[in-house]
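Raw final-v3.csv, CSV, C-alpha atoms and all ligand atoms:
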```csv
chain,number,residue,atom,x,y,z
A,1,MET,CA,62.6,-82.3,268.3
A,2,ASN,CA,64.1,-83.3,271.5
A,3,VAL,CA,67.9,-83.7,271.1
A,4,ALA,CA,67.8,-86.6,273.5
A,5,THR,CA,65.9,-88.6,270.9
A,6,THR,CA,69.3,-89.9,269.8
A,7,GLN,CA,72.0,-91.2,272.0
A,8,VAL,CA,74.8,-89.5,270.0
A,9,GLY,CA,72.7,-86.2,270.0
A,10,GLY,CA,72.5,-86.4,273.8
A,11,LEU,CA,76.3,-86.8,274.1
A,12,LEU,CA,77.0,-83.9,271.7
A,13,HIS,CA,74.4,-81.8,273.6
A,14,ARG,CA,76.3,-82.5,276.8
A,15,ASP,CA,79.5,-81.5,275.2
A,16,HIS,CA,77.9,-78.3,273.9
A,17,MET,CA,76.7,-77.4,277.4
A,18,ALA,CA,80.1,-77.9,278.9
A,19,THR,CA,81.6,-75.7,276.2
A,20,VAL,CA,79.0,-73.0,276.9
A,21,GLU,CA,79.9,-73.1,280.5
A,22,THR,CA,83.7,-72.8,279.6
A,23,LEU,CA,82.9,-69.8,277.4
A,24,GLU,CA,80.8,-68.1,280.0
A,25,GLY,CA,83.7,-68.5,282.5
A,26,LEU,CA,86.0,-66.9,279.9
A,27,GLU,CA,83.5,-64.1,279.3
A,28,LEU,CA,83.4,-63.3,283.0
A,29,LEU,CA,87.2,-63.3,283.3
A,30,LEU,CA,87.4,-60.9,280.3
A,31,ARG,CA,84.7,-58.6,281.6
A,32,LYS,CA,86.2,-58.3,285.1
A,33,ASN,CA,89.7,-57.6,283.9
A,34,ARG,CA,90.4,-54.7,281.5
A,35,LYS,CA,94.1,-54.9,282.7
A,36,PRO,CA,96.0,-58.2,283.1
A,37,PRO,CA,94.7,-60.1,286.1
A,38,ALA,CA,97.0,-61.0,289.0
A,39,PHE,CA,97.9,-64.7,289.0
A,40,ASP,CA,97.1,-67.0,291.8
A,41,PRO,CA,96.8,-70.8,291.9
A,42,THR,CA,93.1,-70.7,291.1
A,43,LEU,CA,93.6,-68.6,287.9
A,44,THR,CA,96.6,-70.7,286.9
A,45,ALA,CA,94.6,-73.9,287.2
A,46,TRP,CA,91.6,-72.3,285.5
A,47,LEU,CA,93.6,-71.1,282.5
A,48,ALA,CA,95.3,-74.5,282.1
A,49,ASP,CA,91.8,-76.2,282.2
A,50,LEU,CA,90.5,-73.6,279.7
A,51,ALA,CA,93.3,-74.4,277.2
A,52,ALA,CA,92.8,-78.2,277.6
A,53,ARG,CA,89.0,-77.8,277.1
A,54,LEU,CA,89.4,-75.6,274.0
A,55,ARG,CA,91.9,-77.9,272.4
A,56,ARG,CA,89.7,-80.9,273.1
A,57,GLU,CA,86.7,-79.2,271.7
A,58,VAL,CA,88.2,-78.3,268.4
A,59,ALA,CA,90.2,-81.5,268.0
A,60,GLU,CA,87.8,-84.3,269.0
A,61,HIS,CA,84.3,-82.7,268.9
A,62,PHE,CA,84.8,-80.9,265.6
A,63,ASP,CA,86.5,-83.9,264.0
A,64,PHE,CA,83.7,-86.2,265.1
A,65,GLU,CA,81.1,-84.0,263.6
A,66,GLU,CA,83.0,-83.6,260.3
A,67,THR,CA,84.0,-87.2,259.8
A,68,ARG,CA,81.0,-89.1,261.3
A,69,LEU,CA,78.0,-86.8,261.0
A,70,PHE,CA,78.5,-84.4,258.1
A,71,PRO,CA,78.7,-87.4,255.6
A,72,LEU,CA,75.2,-88.5,256.7
A,73,PHE,CA,73.8,-85.1,255.6
A,74,LEU,CA,75.8,-85.1,252.4
A,75,ALA,CA,74.5,-88.6,251.6
A,76,VAL,CA,70.9,-87.3,251.5
A,77,GLY,CA,71.8,-84.1,249.6
A,78,GLN,CA,71.7,-81.7,252.6
A,79,THR,CA,74.8,-79.9,251.6
A,80,GLY,CA,73.8,-76.4,253.0
A,81,ILE,CA,74.1,-77.3,256.7
A,82,VAL,CA,77.4,-79.0,256.1
A,83,GLU,CA,78.9,-76.0,254.3
A,84,ILE,CA,77.8,-73.6,257.0
A,85,LEU,CA,78.9,-75.6,260.0
A,86,GLY,CA,82.1,-76.7,258.3
A,87,GLN,CA,83.1,-73.1,257.5
A,88,GLU,CA,82.4,-72.1,261.0
A,89,HIS,CA,84.6,-74.9,262.3
A,90,GLN,CA,87.4,-73.6,260.0
A,91,THR,CA,87.0,-70.1,261.5
A,92,ILE,CA,86.7,-71.2,265.1
A,93,LEU,CA,89.5,-73.8,265.1
A,94,PRO,CA,92.5,-71.4,264.7
A,95,LEU,CA,90.8,-68.9,267.1
A,96,ALA,CA,90.4,-71.6,269.8
A,97,GLN,CA,94.0,-72.7,269.3
A,98,GLN,CA,95.3,-69.2,269.6
A,99,VAL,CA,93.4,-68.5,272.8
A,100,ALA,CA,94.6,-71.8,274.2
A,101,ALA,CA,98.2,-71.0,273.3
A,102,LEU,CA,98.0,-67.6,274.9
A,103,ALA,CA,96.5,-69.2,278.1
A,104,GLU,CA,99.3,-71.8,278.1
A,105,ALA,CA,102.0,-69.2,277.6
A,106,ALA,CA,100.6,-67.1,280.5
A,107,THR,CA,100.3,-70.1,282.7
A,108,ALA,CA,103.9,-71.1,282.0
A,109,SER,CA,105.3,-67.6,282.7
A,110,GLY,CA,103.0,-66.9,285.6
A,111,ARG,CA,101.6,-63.7,284.1
A,112,PHE,CA,100.0,-61.9,281.2
A,113,GLU,CA,102.1,-59.2,279.6
A,114,PRO,CA,99.8,-56.2,278.7
A,115,ALA,CA,100.1,-57.0,274.9
A,116,GLY,CA,99.4,-60.7,275.5
A,117,TRP,CA,96.4,-59.8,277.7
A,118,ASP,CA,95.0,-57.5,275.0
A,119,ALA,CA,95.4,-60.2,272.4
A,120,PHE,CA,93.8,-62.8,274.7
A,121,ARG,CA,90.8,-60.4,275.3
A,122,ALA,CA,90.3,-59.7,271.6
A,123,LEU,CA,90.7,-63.3,270.4
A,124,GLY,CA,88.7,-64.6,273.4
A,125,GLY,CA,85.9,-62.2,272.7
A,126,GLU,CA,85.7,-63.3,269.1
A,127,LEU,CA,85.8,-66.9,270.0
A,128,ILE,CA,83.0,-66.6,272.5
A,129,GLU,CA,80.8,-64.8,270.0
A,130,ARG,CA,81.4,-67.3,267.1
A,131,GLU,CA,81.3,-70.5,269.1
A,132,MET,CA,78.2,-69.6,271.1
A,133,PHE,CA,76.4,-68.9,267.8
A,134,HIS,CA,77.8,-72.1,266.3
A,135,ILE,CA,76.5,-74.2,269.2
A,136,GLN,CA,73.1,-72.6,269.0
A,137,LYS,CA,72.9,-73.4,265.3
A,138,GLU,CA,73.9,-77.0,266.0
A,139,GLU,CA,71.5,-77.4,268.8
A,140,MET,CA,68.7,-76.2,266.5
A,141,GLY,CA,69.6,-77.9,263.2
A,142,LEU,CA,72.3,-80.6,263.5
A,143,LEU,CA,70.9,-82.5,266.4
A,144,ALA,CA,67.3,-82.5,265.1
A,145,GLY,CA,68.7,-83.4,261.7
A,146,ILE,CA,70.6,-86.5,262.9
A,147,ALA,CA,67.5,-87.6,264.8
A,148,ALA,CA,65.7,-87.7,261.4
A,149,LEU,CA,68.6,-89.5,259.6
A,150,LEU,CA,69.8,-92.2,262.0
A,151,ASP,CA,68.3,-95.6,262.7
A,152,PRO,CA,68.7,-97.0,266.3
A,153,ASP,CA,71.7,-99.2,265.2
A,154,GLN,CA,73.6,-96.4,263.6
A,155,ASP,CA,72.9,-94.2,266.6
A,156,ARG,CA,74.2,-96.7,269.0
A,157,ARG,CA,77.4,-97.2,267.0
A,158,LEU,CA,78.0,-93.5,266.8
A,159,ALA,CA,77.3,-93.0,270.5
A,160,GLU,CA,79.9,-95.7,271.3
A,161,ALA,CA,82.4,-94.1,268.9
A,162,PHE,CA,81.9,-90.7,270.5
A,163,ALA,CA,82.1,-92.1,274.1
A,164,ALA,CA,85.3,-93.9,273.1
A,165,LEU,CA,86.9,-90.5,272.2
A,166,ARG,CA,86.4,-89.4,275.8
A,167,GLY,CA,88.0,-92.5,277.2
B,1,FE,FE,80.4,-78.0,265.3
B,2,FE,FE,79.1,-79.4,268.0
```
How does this structure look as structure tokens?
Amino acid sequence: MNVATTQVGGLLHRDHMATVETLEGLELLLRKNRKPPAFDPTLTAWLADLAARLRREVAEHFDFEETRLFPLFLAVGQTGIVEILGQEHQTILPLAQQVAALAEAATASGRFEPAGWDAFRALGGELIEREMFHIQKEEMGLLAGIAALLDPDQDRRLAEAFAALRG
């Protein structure tokens, strides 16, 4: 099923693609730098943006899915998908917050200490792996699922609510 068959699915899909792009950028940075990279204004701005994007992803996006979409699946007895995706959120959320916090600390001090860089690499690598897999799963299951559950009115209201989160 085409994810664009619902408005809210289309918005979530767009968010997912933006997150994939962020994670691919992180992967590139980690792959290119076994040792702490030298700071320049581009890296500083990129890390600040990374932290903001990660925090937004786990705060607004996860919260929207949990509070507005998961109940729709539970209401029709589809508990399996909610359990799996909800557990993944609980694993990914602290990881994303830790990676964001390390990026913010490095941005504030203008460098990565070797231990901080090692932690950033390890946690960042785990975050990439888990969140990419999570997004793939949602793209296959969640978006098609909501297309089957929503009527056009509900879809419009949810799309408006999601768009409002983004100001
Ligand atoms: Fe999710
Ligand atoms: Fe999602």
Go through chain A residue by residue and, counting all atoms listed in the file, keep those with an atom at most 9 Å from ligand FE 2 (chain B); for each kept residue give the shortest atom pair and its distance in Å to one decimal, ordered by chain and increasing number, as CSV.
```
residue,atom,partner,partner_atom,distance
A:Leu12,CA,B:FE2,FE,6.2
A:His13,CA,B:FE2,FE,7.7
A:Asp15,CA,B:FE2,FE,7.5
A:His16,CA,B:FE2,FE,6.1
A:Glu57,CA,B:FE2,FE,8.5
A:His61,CA,B:FE2,FE,6.2
A:Phe62,CA,B:FE2,FE,6.4
A:Phe64,CA,B:FE2,FE,8.7
A:Glu65,CA,B:FE2,FE,6.7
A:Leu85,CA,B:FE2,FE,8.9
A:His134,CA,B:FE2,FE,7.6
A:Ile135,CA,B:FE2,FE,5.9
A:Glu138,CA,B:FE2,FE,6.1
A:Glu139,CA,B:FE2,FE,7.9
A:Leu142,CA,B:FE2,FE,8.2
A:Leu143,CA,B:FE2,FE,8.9
```
Written file, previous selection with C-alpha atoms, as a compact mmCIF listing (two decimals), in the frame of the given file:
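After the write, again04.txt holds the following:
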```
# COMPACT_ATOMS: atom_id res chain seq x y z
CA LEU A 12 77.00 -83.90 271.70
CA HIS A 13 74.40 -81.80 273.60
CA ASP A 15 79.50 -81.50 275.20
CA HIS A 16 77.90 -78.30 273.90
CA GLU A 57 86.70 -79.20 271.70
CA HIS A 61 84.30 -82.70 268.90
CA PHE A 62 84.80 -80.90 265.60
CA PHE A 64 83.70 -86.20 265.10
CA GLU A 65 81.10 -84.00 263.60
CA LEU A 85 78.90 -75.60 260.00
CA HIS A 134 77.80 -72.10 266.30
CA ILE A 135 76.50 -74.20 269.20
CA GLU A 138 73.90 -77.00 266.00
CA GLU A 139 71.50 -77.40 268.80
CA LEU A 142 72.30 -80.60 263.50
CA LEU A 143 70.90 -82.50 266.40
```
Worksheet item: So, counting all atoms listed in the file, which residue among A:Gly116, A:Gly25, A:Gly86, A:Gly124 is closest to ligand FE 1 (chain B)?
Response: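 Looking at the shortest contact to ligand FE 1 (chain B), the residue is A:Gly86.
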Practice prompt. List every protein, DNA or RNA residue that has an atom no more than 10 Å from (92.1, -72.7, 281.6) in the file's coordinate frame, counting only C-alpha atoms, and report them as a list of chain:residue names.
Written response: A:Thr22, A:Gly25, A:Leu26, A:Thr42, A:Leu43, A:Thr44, A:Ala45, A:Trp46, A:Leu47, A:Ala48, A:Asp49, A:Leu50, A:Ala51, A:Ala52, A:Arg53, A:Leu54, A:Val99, A:Ala100, A:Ala103, A:Glu104, A:Thr107
Discussion item. Residues within 10 Å of Lys35 of chain A, please, as a list of chain:residue names. Count only C-alpha atoms; anything in the same chain fewer than 3 positions from it doesn't count.
Written reply: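 That gives A:Leu30, A:Lys32, A:Ala38, A:Phe112, A:Glu113, A:Pro114, A:Trp117, A:Asp118, A:Arg121.
Residue neighbourhood of segment 7-9 of chain A, excluding near-sequence residues (fewer than 5 positions): Asn2, Arg14, Asp15, Leu69, Glu139, Leu142, Leu143, Ala144, Gly145, Ile146, Ala147, Leu150, Pro152, Gln154, Asp155, Arg156, Arg157, Leu158, Ala159, Glu160, Ala161, Phe162 and Ala163 of chain A, at 10 Å, using all atoms listed in the file.
With distances restricted to all atoms listed in the file, A:Leu23 is the closest residue to Phe133 of chain A from A:Leu23, A:Leu149, A:Leu72, A:Ala18.
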Practice prompt. Fewer than 2 positions away in the same chain doesn't count, so skip those; otherwise give me all residues within 12 Å of Pro94 of chain A, counting all atoms listed in the file, as an NGL selection string.
Written response: :A and (54-55 or 57-59 or 87-92 or 96-101 or 123-124 or 126-127)
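Shortest separation to Val82 of chain A among A:Leu102, A:Gly141, A:Phe70, A:Arg111 occurs at residue A:Phe70, atoms counted being all atoms listed in the file.
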With all heavy atoms as the target, complete segment 67-78 of chain A and hand it back as a PDB file, in the coordinates of the input.
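Saved to rebuild-v4.pdb:
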```
ATOM      1  N   THR A  67      83.725 -85.884 260.447  1.00  0.00           N
ATOM      2  CA  THR A  67      84.000 -87.200 259.800  1.00  0.00           C
ATOM      3  C   THR A  67      82.842 -88.166 259.975  1.00  0.00           C
ATOM      4  O   THR A  67      82.660 -89.044 259.135  1.00  0.00           O
ATOM      5  CB  THR A  67      85.283 -87.826 260.380  1.00  0.00           C
ATOM      6  OG1 THR A  67      85.125 -87.993 261.787  1.00  0.00           O
ATOM      7  CG2 THR A  67      86.497 -86.966 260.103  1.00  0.00           C
ATOM      8  N   ARG A  68      82.055 -88.056 261.050  1.00  0.00           N
ATOM      9  CA  ARG A  68      81.000 -89.100 261.300  1.00  0.00           C
ATOM     10  C   ARG A  68      79.603 -88.556 261.035  1.00  0.00           C
ATOM     11  O   ARG A  68      78.721 -89.355 260.730  1.00  0.00           O
ATOM     12  CB  ARG A  68      81.115 -89.566 262.744  1.00  0.00           C
ATOM     13  CG  ARG A  68      82.478 -90.088 263.136  1.00  0.00           C
ATOM     14  CD  ARG A  68      82.938 -91.275 262.275  1.00  0.00           C
ATOM     15  NE  ARG A  68      82.110 -92.445 262.453  1.00  0.00           N
ATOM     16  CZ  ARG A  68      82.358 -93.425 263.313  1.00  0.00           C
ATOM     17  NH1 ARG A  68      83.439 -93.382 264.064  1.00  0.00           N
ATOM     18  NH2 ARG A  68      81.559 -94.470 263.402  1.00  0.00           N
ATOM     19  N   LEU A  69      79.357 -87.249 261.192  1.00  0.00           N
ATOM     20  CA  LEU A  69      78.000 -86.800 261.000  1.00  0.00           C
ATOM     21  C   LEU A  69      77.748 -86.037 259.715  1.00  0.00           C
ATOM     22  O   LEU A  69      76.735 -86.277 259.051  1.00  0.00           O
ATOM     23  CB  LEU A  69      77.621 -85.813 262.197  1.00  0.00           C
ATOM     24  CG  LEU A  69      77.694 -86.428 263.593  1.00  0.00           C
ATOM     25  CD1 LEU A  69      77.255 -85.421 264.639  1.00  0.00           C
ATOM     26  CD2 LEU A  69      76.837 -87.695 263.693  1.00  0.00           C
ATOM     27  N   PHE A  70      78.681 -85.171 259.329  1.00  0.00           N
ATOM     28  CA  PHE A  70      78.500 -84.400 258.100  1.00  0.00           C
ATOM     29  C   PHE A  70      78.226 -85.351 256.888  1.00  0.00           C
ATOM     30  O   PHE A  70      77.370 -85.051 256.038  1.00  0.00           O
ATOM     31  CB  PHE A  70      79.631 -83.461 257.818  1.00  0.00           C
ATOM     32  CG  PHE A  70      79.715 -82.284 258.770  1.00  0.00           C
ATOM     33  CD1 PHE A  70      78.799 -82.122 259.809  1.00  0.00           C
ATOM     34  CD2 PHE A  70      80.710 -81.330 258.617  1.00  0.00           C
ATOM     35  CE1 PHE A  70      78.886 -81.045 260.687  1.00  0.00           C
ATOM     36  CE2 PHE A  70      80.799 -80.240 259.490  1.00  0.00           C
ATOM     37  CZ  PHE A  70      79.892 -80.103 260.518  1.00  0.00           C
ATOM     38  N   PRO A  71      78.956 -86.477 256.778  1.00  0.00           N
ATOM     39  CA  PRO A  71      78.700 -87.400 255.600  1.00  0.00           C
ATOM     40  C   PRO A  71      77.264 -87.872 255.546  1.00  0.00           C
ATOM     41  O   PRO A  71      76.737 -88.124 254.458  1.00  0.00           O
ATOM     42  CB  PRO A  71      79.689 -88.522 255.851  1.00  0.00           C
ATOM     43  CG  PRO A  71      80.801 -87.921 256.639  1.00  0.00           C
ATOM     44  CD  PRO A  71      80.122 -86.932 257.562  1.00  0.00           C
ATOM     45  N   LEU A  72      76.609 -88.014 256.709  1.00  0.00           N
ATOM     46  CA  LEU A  72      75.200 -88.500 256.700  1.00  0.00           C
ATOM     47  C   LEU A  72      74.310 -87.450 256.023  1.00  0.00           C
ATOM     48  O   LEU A  72      73.356 -87.808 255.319  1.00  0.00           O
ATOM     49  CB  LEU A  72      74.732 -88.696 258.145  1.00  0.00           C
ATOM     50  CG  LEU A  72      75.469 -89.744 258.985  1.00  0.00           C
ATOM     51  CD1 LEU A  72      75.067 -89.633 260.451  1.00  0.00           C
ATOM     52  CD2 LEU A  72      75.162 -91.137 258.454  1.00  0.00           C
ATOM     53  N   PHE A  73      74.603 -86.179 256.247  1.00  0.00           N
ATOM     54  CA  PHE A  73      73.800 -85.100 255.600  1.00  0.00           C
ATOM     55  C   PHE A  73      74.103 -85.021 254.132  1.00  0.00           C
ATOM     56  O   PHE A  73      73.202 -84.846 253.316  1.00  0.00           O
ATOM     57  CB  PHE A  73      74.084 -83.766 256.304  1.00  0.00           C
ATOM     58  CG  PHE A  73      73.521 -83.668 257.691  1.00  0.00           C
ATOM     59  CD1 PHE A  73      74.240 -84.121 258.790  1.00  0.00           C
ATOM     60  CD2 PHE A  73      72.243 -83.158 257.896  1.00  0.00           C
ATOM     61  CE1 PHE A  73      73.709 -84.045 260.064  1.00  0.00           C
ATOM     62  CE2 PHE A  73      71.706 -83.087 259.178  1.00  0.00           C
ATOM     63  CZ  PHE A  73      72.433 -83.533 260.262  1.00  0.00           C
ATOM     64  N   LEU A  74      75.408 -85.168 253.804  1.00  0.00           N
ATOM     65  CA  LEU A  74      75.800 -85.100 252.400  1.00  0.00           C
ATOM     66  C   LEU A  74      75.144 -86.247 251.605  1.00  0.00           C
ATOM     67  O   LEU A  74      74.720 -86.078 250.464  1.00  0.00           O
ATOM     68  CB  LEU A  74      77.315 -85.161 252.250  1.00  0.00           C
ATOM     69  CG  LEU A  74      78.072 -83.968 252.843  1.00  0.00           C
ATOM     70  CD1 LEU A  74      79.583 -84.178 252.719  1.00  0.00           C
ATOM     71  CD2 LEU A  74      77.659 -82.655 252.161  1.00  0.00           C
ATOM     72  N   ALA A  75      75.038 -87.408 252.255  1.00  0.00           N
ATOM     73  CA  ALA A  75      74.500 -88.600 251.600  1.00  0.00           C
ATOM     74  C   ALA A  75      73.028 -88.393 251.174  1.00  0.00           C
ATOM     75  O   ALA A  75      72.552 -89.034 250.239  1.00  0.00           O
ATOM     76  CB  ALA A  75      74.630 -89.816 252.482  1.00  0.00           C
ATOM     77  N   VAL A  76      72.318 -87.519 251.888  1.00  0.00           N
ATOM     78  CA  VAL A  76      70.900 -87.300 251.500  1.00  0.00           C
ATOM     79  C   VAL A  76      70.751 -85.894 250.859  1.00  0.00           C
ATOM     80  O   VAL A  76      69.645 -85.358 250.772  1.00  0.00           O
ATOM     81  CB  VAL A  76      69.964 -87.394 252.736  1.00  0.00           C
ATOM     82  CG1 VAL A  76      69.930 -88.829 253.243  1.00  0.00           C
ATOM     83  CG2 VAL A  76      70.357 -86.435 253.856  1.00  0.00           C
ATOM     84  N   GLY A  77      71.873 -85.341 250.389  1.00  0.00           N
ATOM     85  CA  GLY A  77      71.800 -84.100 249.600  1.00  0.00           C
ATOM     86  C   GLY A  77      71.669 -82.827 250.452  1.00  0.00           C
ATOM     87  O   GLY A  77      71.443 -81.747 249.907  1.00  0.00           O
ATOM     88  N   GLN A  78      71.799 -82.941 251.790  1.00  0.00           N
ATOM     89  CA  GLN A  78      71.700 -81.700 252.600  1.00  0.00           C
ATOM     90  C   GLN A  78      73.069 -81.074 252.758  1.00  0.00           C
ATOM     91  O   GLN A  78      73.728 -81.158 253.794  1.00  0.00           O
ATOM     92  CB  GLN A  78      71.130 -82.092 254.003  1.00  0.00           C
ATOM     93  CG  GLN A  78      69.680 -82.563 253.938  1.00  0.00           C
ATOM     94  CD  GLN A  78      69.089 -82.747 255.325  1.00  0.00           C
ATOM     95  OE1 GLN A  78      69.467 -82.077 256.279  1.00  0.00           O
ATOM     96  NE2 GLN A  78      68.141 -83.669 255.450  1.00  0.00           N
TER      97      GLN A  78
END
```
